[in-house]
Amino acid sequence: MKIAIMGTGAMGGYIGARLAEAGADVTFIARGAHLAAIRQNGLKMTSPEGDVHINPATATDDPSAAGPMDLIFLGVKLYDVETAVRDLLPMLGPETGVVSLQNGIETPSIISKIAGPQHNVPGVAMINGEIAAPGVIQHNAMNGFVAGEPNGRASARLAALEELGRKAVLDVSISADIELELWRKFLVLTPASGMSCLTRLPMGRIRETPPSWRLIEEAMDELIAVGQAEGVGLGEADKQIGVRGIRDMMPPTWRGSLVLDLEAGRRLEVEWLHGTICRLGEKHGIDTPFHRVVLGALMPHANGAN
């Protein structure tokens, strides 16, 4: 199976390394020092699930030179999605799927608009990691990946991915209701990331502080109300699953990528996370005070330190 990782950051790099380890023909699209290191030394990854070193690794900064792919995993940040989808067009064949890895809920519609709905494959990655050094991915926790066709149908490209997943350490599953899965991740990630940014603390400290923990639950209630107004079948059961996930499954040292970007002075995805909830809340007349506060607190930092 020919796979491209469009944006070999922590998420894309981890998934690409695991699929390459399982036998896929993976091309890593990267740039700068990261690309140079991968070309020279391969892609190294440290992980609680087992370290991997893909060497040699096929890597380039020119998607047009990679050729048609079976699947393209879109690993860029939310603010780079539109540009990246335009750049990957030369890698599309008639049946190529473009798999979104972004947080939030808006990437699938951008893929459909630019590349065409036949290429849109929404994905949900529950993986925590970071680029430790050029050419080195540090995987910290969680190992799940879900994909699905927007209409819920079975497809040859996802059947092939599922089969590849059986050979990989990565926990791959296929969903018949991928929109709901996108919102379920949104329900967990956005409140947790917001509190992580506001407090600058790892999840263990937040969990043991009752007023902070209550805010996370209130943020989840806001998001569920907005999702229901959008026609998504979120409910109390999803909230309780999300609460257990944050309380019992997130390691106490967990800190979201949003706070890591904030502290490093990088651009932030806050407009596509909390900003989306605020916009949809206004659309439906639903107040979203937690997400409004996070958006207001982080927007002065949204373009990074520079």
# chains A, B, ... in the order shown; residues from 1 in each chain; ligands from 1
>>> residues_around(residues="segment 161-163 of chain A", least_positions_apart="3", cutoff="9 Å", atoms="only C-alpha atoms", output="list in words")
Met1, Leu71, Ala156, Arg157, Leu158, Arg166, Lys167, Val172, Ser173 and Ile174 of chain A
>>> select_by_dssp(residues="segment 67-113 of chain A", states="strand (DSSP E or B)", output="number ranges by chain")
A: 69-74, 92-100
>>> closest_residue(among="A:Leu101, A:Ala115, A:Ala22, A:Ile131", to="Lys185 of chain A", atoms="only C-alpha atoms")
A:Leu101
>>> atom_distance(atom1="atom CA of Val136 of chain A", atom2="atom CA of Asp261 of chain A")
17.7 Å
>>> atom_distance(atom1="atom CA of His34 of chain A", atom2="atom CA of Ser196 of chain A")
27.3 Å
>>> closest_atom_pairs(of="segment 98-171 of chain A", to="segment 7-15 of chain A", cutoff="9 Å", atoms="only C-alpha atoms", output="CSV")
residue,atom,partner,partner_atom,distance
A:Leu101,CA,A:Met11,CA,7.5
A:Gln102,CA,A:Met11,CA,8.9
A:Ala125,CA,A:Met11,CA,7.8
A:Ile127,CA,A:Met11,CA,6.8
A:Asn128,CA,A:Met11,CA,7.5
A:Gly129,CA,A:Ala10,CA,5.5
A:Glu130,CA,A:Ala10,CA,4.7
A:Ile131,CA,A:Ala10,CA,5.4
A:Ala132,CA,A:Ala10,CA,8.8
A:Val136,CA,A:Gly13,CA,8.9
A:Ile137,CA,A:Ala10,CA,5.8
A:Gln138,CA,A:Ala10,CA,7.3
A:His139,CA,A:Tyr14,CA,7.1
A:Phe145,CA,A:Ile15,CA,8.6
A:Leu170,CA,A:Ile15,CA,7.3
>>> write_last_selection(atoms="C-alpha atoms", output="mmCIF file, in the first residue's frame")
data_model
loop_
_atom_site.group_PDB
_atom_site.id
_atom_site.type_symbol
_atom_site.label_atom_id
_atom_site.label_comp_id
_atom_site.auth_asym_id
_atom_site.auth_seq_id
_atom_site.Cartn_x
_atom_site.Cartn_y
_atom_site.Cartn_z
ATOM 1 C CA LEU A 101 -5.532 13.833 11.341
ATOM 2 C CA GLN A 102 -6.337 17.291 12.663
ATOM 3 C CA ALA A 125 -6.111 10.055 15.968
ATOM 4 C CA ILE A 127 -2.106 9.898 20.000
ATOM 5 C CA ASN A 128 0.073 12.167 22.117
ATOM 6 C CA GLY A 129 3.601 12.935 20.996
ATOM 7 C CA GLU A 130 6.049 15.606 19.906
ATOM 8 C CA ILE A 131 9.056 16.174 17.685
ATOM 9 C CA ALA A 132 11.931 15.657 20.109
ATOM 10 C CA VAL A 136 13.071 12.095 15.939
ATOM 11 C CA ILE A 137 9.455 11.589 17.070
ATOM 12 C CA GLN A 138 8.739 11.059 20.755
ATOM 13 C CA HIS A 139 5.470 9.187 21.290
ATOM 14 C CA PHE A 145 -6.628 5.673 15.130
ATOM 15 C CA LEU A 170 -1.024 1.161 15.843
#
